[in-house]
Every structure is written in C-alpha cells, then in structure tokens.
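Participant: Dropping in data_5.txt, which is compact mmCIF, C-alpha atoms:
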```
# COMPACT_ATOMS: atom_id res chain seq x y z
CA PHE A 1 39.38 107.55 61.61
CA LEU A 2 37.05 107.63 64.61
CA ILE A 3 36.33 110.97 66.31
CA ALA A 4 34.64 111.29 69.69
CA GLY A 5 33.00 114.70 70.03
CA GLY A 6 31.18 116.93 67.56
CA GLY A 7 32.30 120.35 68.75
CA ILE A 8 34.55 122.79 66.95
CA ALA A 9 37.68 120.66 67.50
CA GLY A 10 36.12 117.37 66.40
CA LEU A 11 34.56 118.81 63.26
CA ALA A 12 37.74 120.69 62.31
CA ALA A 13 39.73 117.47 62.73
CA ALA A 14 37.24 115.62 60.52
CA LEU A 15 37.52 118.24 57.77
CA GLY A 16 41.31 118.21 57.94
CA LEU A 17 41.42 114.43 57.59
CA ALA A 18 38.90 114.51 54.75
CA ARG A 19 41.15 116.90 52.84
CA GLY A 20 43.78 114.16 52.98
CA GLY A 21 41.37 111.61 51.52
CA ARG A 22 40.67 109.84 54.83
CA ASP A 23 37.30 108.39 55.79
CA ILE A 24 35.87 109.55 59.12
CA ARG A 25 33.09 108.53 61.49
CA LEU A 26 32.33 111.22 64.06
CA PHE A 27 30.23 110.50 67.14
CA GLU A 28 28.40 113.22 69.09
CA GLN A 29 26.51 112.29 72.26
CA ALA A 30 23.92 115.09 71.94
CA ALA A 31 20.89 114.63 69.71
CA ALA A 32 21.98 117.60 67.59
CA PHE A 33 25.12 119.62 66.97
CA GLU A 34 24.98 122.68 69.22
CA GLU A 35 27.42 125.09 70.81
CA VAL A 36 27.12 126.95 74.10
CA GLY A 37 29.11 130.01 75.05
CA ALA A 38 29.24 133.36 73.35
CA GLY A 39 31.52 135.14 70.92
CA LEU A 40 35.01 134.56 69.63
CA GLN A 41 37.53 136.49 67.59
CA ILE A 42 38.88 134.95 64.38
CA SER A 43 42.29 136.39 63.60
CA PRO A 44 43.88 136.13 60.14
CA ASN A 45 45.60 132.82 60.91
CA GLY A 46 42.23 131.43 62.05
CA VAL A 47 40.59 132.60 58.82
CA ARG A 48 43.33 130.91 56.81
CA ALA A 49 42.79 127.68 58.75
CA LEU A 50 39.07 127.75 57.96
CA GLN A 51 39.88 128.46 54.32
CA GLU A 52 42.19 125.44 54.22
CA LEU A 53 39.43 123.29 55.74
CA GLY A 54 37.00 124.51 53.08
CA ALA A 55 34.67 125.95 55.75
CA TRP A 56 35.25 129.69 55.48
CA ASP A 57 32.52 130.30 52.88
CA ALA A 58 30.00 128.67 55.25
CA VAL A 59 31.20 130.61 58.31
CA GLU A 60 31.84 134.10 56.93
CA PRO A 61 28.24 135.21 56.25
CA ALA A 62 27.41 135.07 60.00
CA CYS A 63 30.55 136.98 61.00
CA VAL A 64 30.75 140.65 61.90
CA ILE A 65 33.35 142.94 60.32
CA PRO A 66 34.54 145.38 63.01
CA THR A 67 36.10 148.65 61.93
CA GLU A 68 38.72 148.87 64.67
CA SER A 69 40.02 147.23 67.82
CA HIS A 70 40.36 149.51 70.85
CA VAL A 71 42.39 148.84 74.00
CA ARG A 72 41.41 151.04 76.95
CA ASP A 73 42.42 151.68 80.54
CA GLY A 74 39.57 150.03 82.46
CA LEU A 75 39.74 152.60 85.27
CA SER A 76 40.03 155.87 83.34
CA ALA A 77 38.63 154.77 79.93
CA ARG A 78 41.71 156.34 78.28
CA LEU A 79 42.39 154.91 74.81
CA LEU A 80 45.72 153.05 74.93
CA GLN A 81 45.82 151.52 71.47
CA ARG A 82 43.78 151.63 68.26
CA ILE A 83 44.12 149.00 65.54
CA ARG A 84 42.35 149.64 62.25
CA LEU A 85 40.95 146.41 60.80
CA GLY A 86 40.19 147.43 57.22
CA LYS A 87 41.87 146.66 53.91
CA GLY A 88 45.30 147.72 55.13
CA PHE A 89 45.15 145.21 57.96
CA GLU A 90 44.00 142.46 55.61
CA THR A 91 46.79 143.28 53.16
CA SER A 92 49.41 143.19 55.92
CA PHE A 93 48.34 139.82 57.33
CA GLY A 94 47.03 138.10 54.22
CA ALA A 95 43.53 137.47 55.55
CA PRO A 96 40.78 139.43 57.33
CA TYR A 97 39.89 139.65 61.03
CA ARG A 98 36.34 138.75 62.02
CA VAL A 99 34.22 138.16 65.13
CA CYS A 100 31.36 135.69 65.44
CA HIS A 101 29.26 133.60 67.80
CA ARG A 102 30.62 130.14 68.57
CA ALA A 103 27.33 128.60 67.43
CA ASP A 104 27.68 130.25 64.01
CA LEU A 105 31.20 128.84 63.64
CA LEU A 106 29.97 125.37 64.59
CA GLU A 107 27.05 125.56 62.17
CA GLY A 108 29.41 126.41 59.32
CA LEU A 109 31.68 123.49 60.19
CA VAL A 110 28.71 121.10 60.37
CA ARG A 111 27.36 122.18 56.97
CA THR A 112 30.80 121.80 55.41
CA ALA A 113 31.30 118.36 56.97
CA ARG A 114 27.90 117.14 55.78
CA ALA A 115 28.89 118.03 52.23
CA ARG A 116 31.98 115.79 52.36
CA LYS A 117 31.43 112.19 51.28
CA GLU A 118 34.37 111.08 53.44
CA ILE A 119 32.65 112.17 56.67
CA VAL A 120 29.82 110.36 58.44
CA LEU A 121 28.27 112.33 61.32
CA GLU A 122 26.38 110.35 63.96
CA THR A 123 24.46 112.14 66.73
CA GLY A 124 22.98 110.62 69.87
CA ARG A 125 26.00 108.30 70.15
CA ARG A 126 27.71 108.36 73.54
CA VAL A 127 31.29 107.05 73.53
CA GLN A 128 32.04 104.94 76.60
CA SER A 129 35.70 103.95 76.14
CA ALA A 130 38.58 103.74 73.70
CA GLU A 131 41.29 101.15 73.21
CA SER A 132 44.07 100.18 70.84
CA HIS A 133 44.22 96.88 69.01
CA GLY A 134 46.60 95.15 66.66
CA ASP A 135 46.17 97.30 63.59
CA GLY A 136 44.47 100.44 64.89
CA ALA A 137 42.08 101.59 67.59
CA ALA A 138 38.47 101.19 68.62
CA LEU A 139 35.64 103.03 70.35
CA ARG A 140 33.05 101.37 72.52
CA LEU A 141 29.65 103.03 72.38
CA ASP A 142 26.04 102.03 72.89
CA GLY A 143 26.95 98.36 73.24
CA GLU A 144 28.82 98.45 69.92
CA THR A 145 32.55 98.36 69.22
CA VAL A 146 33.64 100.43 66.21
CA LYS A 147 37.13 99.90 64.83
CA GLY A 148 39.29 102.29 62.81
CA ALA A 149 42.85 103.30 61.99
CA ALA A 150 42.98 105.70 64.96
CA VAL A 151 40.82 107.45 67.54
CA ILE A 152 40.71 111.22 68.06
CA CYS A 153 39.34 112.32 71.45
CA ALA A 154 37.64 115.72 71.10
CA ASP A 155 34.98 115.22 73.75
CA GLY A 156 35.61 118.32 75.83
CA ILE A 157 37.29 119.50 79.01
CA ARG A 158 35.52 116.79 81.03
CA SER A 159 36.48 114.09 78.56
CA GLY A 160 35.65 110.53 79.50
CA LEU A 161 38.49 109.34 77.28
CA ARG A 162 41.32 111.51 78.60
CA LYS A 163 42.48 108.83 81.04
CA VAL A 164 43.24 106.54 78.08
CA VAL A 165 45.96 108.99 77.03
CA CYS A 166 47.21 110.61 80.23
CA GLY A 167 45.76 108.74 83.21
CA ASP A 168 43.10 109.72 85.70
CA VAL A 169 43.42 113.52 85.71
CA ALA A 170 40.91 116.32 86.13
CA PRO A 171 40.78 120.03 85.24
CA VAL A 172 42.63 122.24 87.72
CA ASP A 173 41.18 125.51 89.00
CA ARG A 174 43.83 128.16 88.27
CA GLY A 175 41.97 130.95 90.03
CA HIS A 176 40.60 132.67 86.93
CA VAL A 177 36.90 133.08 86.13
CA ILE A 178 35.29 134.26 82.91
CA PHE A 179 31.72 135.55 82.77
CA ARG A 180 30.03 135.67 79.36
CA SER A 181 26.81 137.34 78.32
CA LEU A 182 24.87 138.12 75.17
CA ILE A 183 22.36 140.96 74.86
CA PRO A 184 20.39 142.27 71.87
CA LEU A 185 22.44 144.83 69.99
CA ALA A 186 19.52 147.26 70.23
CA ASP A 187 19.88 147.30 74.03
CA VAL A 188 23.49 148.48 74.03
CA PRO A 189 23.89 152.04 75.44
CA SER A 190 24.60 154.63 72.77
CA ALA A 191 27.94 155.56 74.39
CA ILE A 192 29.37 152.14 73.50
CA GLU A 193 31.12 151.82 70.13
CA THR A 194 29.37 148.72 68.81
CA ASP A 195 31.30 148.70 65.52
CA CYS A 196 34.60 148.12 67.39
CA VAL A 197 36.13 145.31 69.38
CA SER A 198 36.85 146.93 72.75
CA LEU A 199 39.23 145.58 75.37
CA TRP A 200 39.29 147.16 78.84
CA LEU A 201 42.29 146.35 81.06
CA TYR A 202 42.09 146.73 84.83
CA PRO A 203 43.88 145.32 87.89
CA GLY A 204 42.97 141.66 88.31
CA GLY A 205 41.20 141.16 85.01
CA HIS A 206 39.84 142.53 81.76
CA ALA A 207 36.60 142.96 79.81
CA VAL A 208 35.98 142.68 76.08
CA HIS A 209 32.87 143.29 73.98
CA TYR A 210 31.83 143.26 70.32
CA ALA A 211 28.86 142.53 68.06
CA VAL A 212 28.16 139.00 66.77
CA SER A 213 25.58 136.98 64.81
CA GLY A 214 25.26 139.38 61.88
CA TRP A 215 24.94 142.46 64.14
CA ARG A 216 21.98 141.00 66.03
CA SER A 217 23.67 140.35 69.39
CA PHE A 218 26.36 141.97 71.54
CA ASN A 219 28.92 139.74 73.22
CA ILE A 220 30.33 140.75 76.62
CA VAL A 221 33.14 138.85 78.38
CA VAL A 222 34.57 139.72 81.81
CA ALA A 223 37.66 137.92 83.16
CA LEU A 224 38.61 138.05 86.84
CA ASP A 225 41.28 136.71 89.12
CA SER A 226 39.18 134.79 91.63
CA ASP A 227 39.44 133.57 95.20
CA GLY A 228 37.00 130.70 95.18
CA ILE A 229 34.25 131.98 92.86
CA ALA A 230 34.71 128.88 90.73
CA ALA A 231 35.00 126.45 93.63
CA SER A 232 31.39 125.33 93.30
CA GLY A 233 31.83 124.37 89.64
CA TRP A 234 30.78 126.12 86.47
CA SER A 235 27.66 126.76 84.45
```
With the file now loaded, output its structure as structure tokens.

Facilitator:
Amino acid sequence: FLIAGGGIAGLAAALGLARGGRDIRLFEQAAAFEEVGAGLQISPNGVRALQELGAWDAVEPACVIPTESHVRDGLSARLLQRIRLGKGFETSFGAPYRVCHRADLLEGLVRTARARKEIVLETGRRVQSAESHGDGAALRLDGETVKGAAVICADGIRSGLRKVVCGDVAPVDRGHVIFRSLIPLADVPSAIETDCVSLWLYPGGHAVHYAVSGWRSFNIVVALDSDGIAASGWS
C-alpha cells in the first residue's frame, strides 16, 4: 500500500494496515516528520484507537491528565457544567481522557511506525500524481513511478491528489476562523485553572484552553464566526 502524506492521518493509516499484515511505503514531502498547530483533546474512543494501533504507549507519556473539564458562560464566567475526569470517568467510558500537543501525538505515531517491519517511511519525497492500473495503483514522484495494491491520499487539506478522487475542487471558506496560541505554562495568570480543560461559550464563538506537552505549555484556542477575516488565506 502506498501512502502520500506523513501526518497524523497517513501514519495512523499505515499502522492500521500493518496490523493486518500489509506492507506499506509512506511518502512525506518534508525532510522530517513535523506537525504544526497546537493542542488537541483525546477522548476515550481516541485513546482506544491509539491502543488498537499499538501507539498509545508511545503517545501517553507526553500527554497531560486534566482533573476536570469546565464549561463556562463566556460573558459572565458562570460555571455551566463540570465533568470530573478521574477514575470514575475512565471506568464509565472504558479508557481515559487526555490532552496533548499535536506534535507529541505525531512523534508517538512516527516512533511506533518505525518499529514496524511492514512500514517503510520515506521523507523528502514529493508525490506529483496518482493513477490506477490493471492490478492496483501507482504514485508518480521525483521522476519515479511506484506501484502498489492501492494508494491512500493523506496529503492534507490542499492535497495535490484530491482531484484524482473527486475532481478539481478546493477548500470552501465557511465563515469560521480559529486562532491558536501556545504560551509557557509559567506565564499563565494565577486566576486560570491550569489543571482543567476550560471551554468558554459566547455569542459567535468559543474559547478553550488547557495544558499540553507534559505541563510545559498552555494551549489557547479561540473560534469566531468571521466576515472575511480568512479571505486573505491562512497561516
């Protein structure tokens, strides 16, 4: 199986196929596996998926274990809902809830993939096109054609291969913008509950924040309904 893209989706697909005894070649255009962005929440079903892929032991050490999740009115700060995330939560849902940085999740997937003999990871390989042939599919990259049983396109929102599957389409601006930031945990004001995942709801958007990267950084995400903020593109 040939996979274009070495992000979270591509690596997870490779690990899933390897569990089924399939051989995989994965191509990443960057010189190294790296992830931009900020934090993410891993709910119990996500933890179970990583366990099934054999990657949870590599990911968990970098995760943060929050004590509670708080939902607040973004205008008054009134507490609307409190969810305790301890042993009772884990018992109810069969797996824990964690938060982490996207880069830490990717690193765990990469280390797990490198340990599988079925998976070959190739960096600095830019995929140019994909096509089907008589008994499978092929990728064209760097002047070379690589054939396999099937191609998996996991090369991102601005995929160069999407048109092979669904024609010449592009992402559509839906009028929503998300701003992400990371700051050192030591810089967080003392009034903020850093051991919780906090969600603030307000008209036209929401904000969420929590600690990541083994309690070293604090992840802040603000979502807004937008009139043209994203028109100039994204960064």

Participant: For Val120 (chain A), work out the shell of residues within 10 Å, counting all atoms listed in the file and skipping chain neighbours fewer than 5 positions away, then give it as a count of residues only.

Facilitator: 10

Participant: What is the CA of Ala38 (chain A)-CA of Tyr210 (chain A) distance in Å, reported with one decimal?

Facilitator: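 About the pair CA of Ala38 (chain A) and CA of Tyr210 (chain A): they are 10.7 Å apart.
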
Participant: Residues near Gly143 (chain A), anyone? I mean within 12 Å using only C-alpha atoms, not counting same-chain ones fewer than 6 positions away, as a compact mmCIF listing (two decimals) with C-alpha atoms, in the frame of the given file.

Facilitator:
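After the write, selection_26.txt holds the following:
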```
# COMPACT_ATOMS: atom_id res chain seq x y z
CA ARG A 125 26.00 108.30 70.15
CA ARG A 126 27.71 108.36 73.54
CA VAL A 127 31.29 107.05 73.53
CA GLN A 128 32.04 104.94 76.60
CA SER A 129 35.70 103.95 76.14
```

Participant: Would you mind listing what lies within 10 Å of Gln81 (chain A) as a VMD selection string, with all atoms listed in the file counted and same-chain residues fewer than 3 positions away left out?

Facilitator: chain A and resid 69 to 73 78 199

Participant: Could you work out how far CA of Arg98 (chain A) lies from CA of Ile65 (chain A), giving the answer in Å with one decimal?

Facilitator: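 Straight-line distance from CA of Ile65 (chain A) to CA of Arg98 (chain A) works out to 5.4 Å.
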
Participant: Do you know which residues are at most 12 Å from Val188 (chain A) counting all atoms listed in the file, after dropping those on the same chain fewer than 3 positions away, and could you put them as a list in words?

Facilitator: Leu182, Ile183, Pro184, Leu185, Ala191, Ile192, Glu193, Thr194, Asp195, His209, Tyr210, Ala211, Trp215, Arg216, Ser217, Phe218, Asn219 and Ile220 of chain A

Participant: So which one's closest to Gly124 (chain A), A:Asp225, A:Glu90, A:Glu68, A:Glu28? Using all atoms listed in the file, please.

Facilitator: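 Of the candidates, the smallest distance to Gly124 (chain A) is held by A:Glu28.
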
Participant: Put the listed atoms of region 174-188 of chain A in a box along x, y and z with 6 Å added on every side and give me the centre and edge lengths in Å to one decimal, as AutoDock Vina command-line options.

Facilitator:
```
--center_x 31.7 --center_y 138.3 --center_z 80.0 --size_x 36.3 --size_y 32.3 --size_z 32.0
```

Participant: Taking (42.5, 109.7, 71.7) as a centre in this file's frame and 9 Å as the limit, can you find every polymer residue with an atom that close, using all atoms listed in the file, and give them as a tab-separated table (two decimals) with C-alpha atoms, keeping the file's coordinate frame?

Facilitator:
```tsv
chain	number	residue	atom	x	y	z
A	3	ILE	CA	36.33	110.97	66.31
A	4	ALA	CA	34.64	111.29	69.69
A	130	ALA	CA	38.58	103.74	73.70
A	131	GLU	CA	41.29	101.15	73.21
A	150	ALA	CA	42.98	105.70	64.96
A	151	VAL	CA	40.82	107.45	67.54
A	152	ILE	CA	40.71	111.22	68.06
A	153	CYS	CA	39.34	112.32	71.45
A	154	ALA	CA	37.64	115.72	71.10
A	161	LEU	CA	38.49	109.34	77.28
A	162	ARG	CA	41.32	111.51	78.60
A	164	VAL	CA	43.24	106.54	78.08
A	165	VAL	CA	45.96	108.99	77.03
```

Participant: Kindly give the distance, in Å, that separates CA of Glu144 (chain A) and CA of Arg19 (chain A), rounded to a single decimal.

Facilitator: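 So the two atoms, CA of Glu144 (chain A) and CA of Arg19 (chain A), lie 28.0 Å apart.
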
Participant: Have a look at A:Val36, A:Ser190, A:His176, A:Val146 and name the one nearest to Leu106 (chain A); count all atoms listed in the file.

Facilitator: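 So, comparing all the options, the nearest one is A:Val36.
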
Participant: Skipping near chain neighbours, those fewer than 6 positions away, what residues fall within 12 Å of Ser76 (chain A) using all atoms listed in the file, listed as an mmCIF file with C-alpha atoms, in the frame of the given file?

Facilitator:
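This went into result.cif:
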```cif
data_model
loop_
_atom_site.group_PDB
_atom_site.id
_atom_site.type_symbol
_atom_site.label_atom_id
_atom_site.label_comp_id
_atom_site.auth_asym_id
_atom_site.auth_seq_id
_atom_site.Cartn_x
_atom_site.Cartn_y
_atom_site.Cartn_z
ATOM 1 C CA TRP A 200 39.290 147.160 78.840
ATOM 2 C CA LEU A 201 42.290 146.350 81.060
ATOM 3 C CA TYR A 202 42.090 146.730 84.830
#
```

Participant: May I ask which of the residues A:Ala207, A:Leu75, A:Leu105, A:Ala186 is the closest one to Glu35 (chain A), counting only C-alpha atoms?

Facilitator: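 Closest to Glu35 (chain A), using only C-alpha atoms: A:Leu105.
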
Participant: Measuring between all atoms listed in the file, which one of A:Leu139, A:Gly204, A:Ser198, A:Ile119 shows the shortest distance to Leu80 (chain A)?

Facilitator: A:Ser198
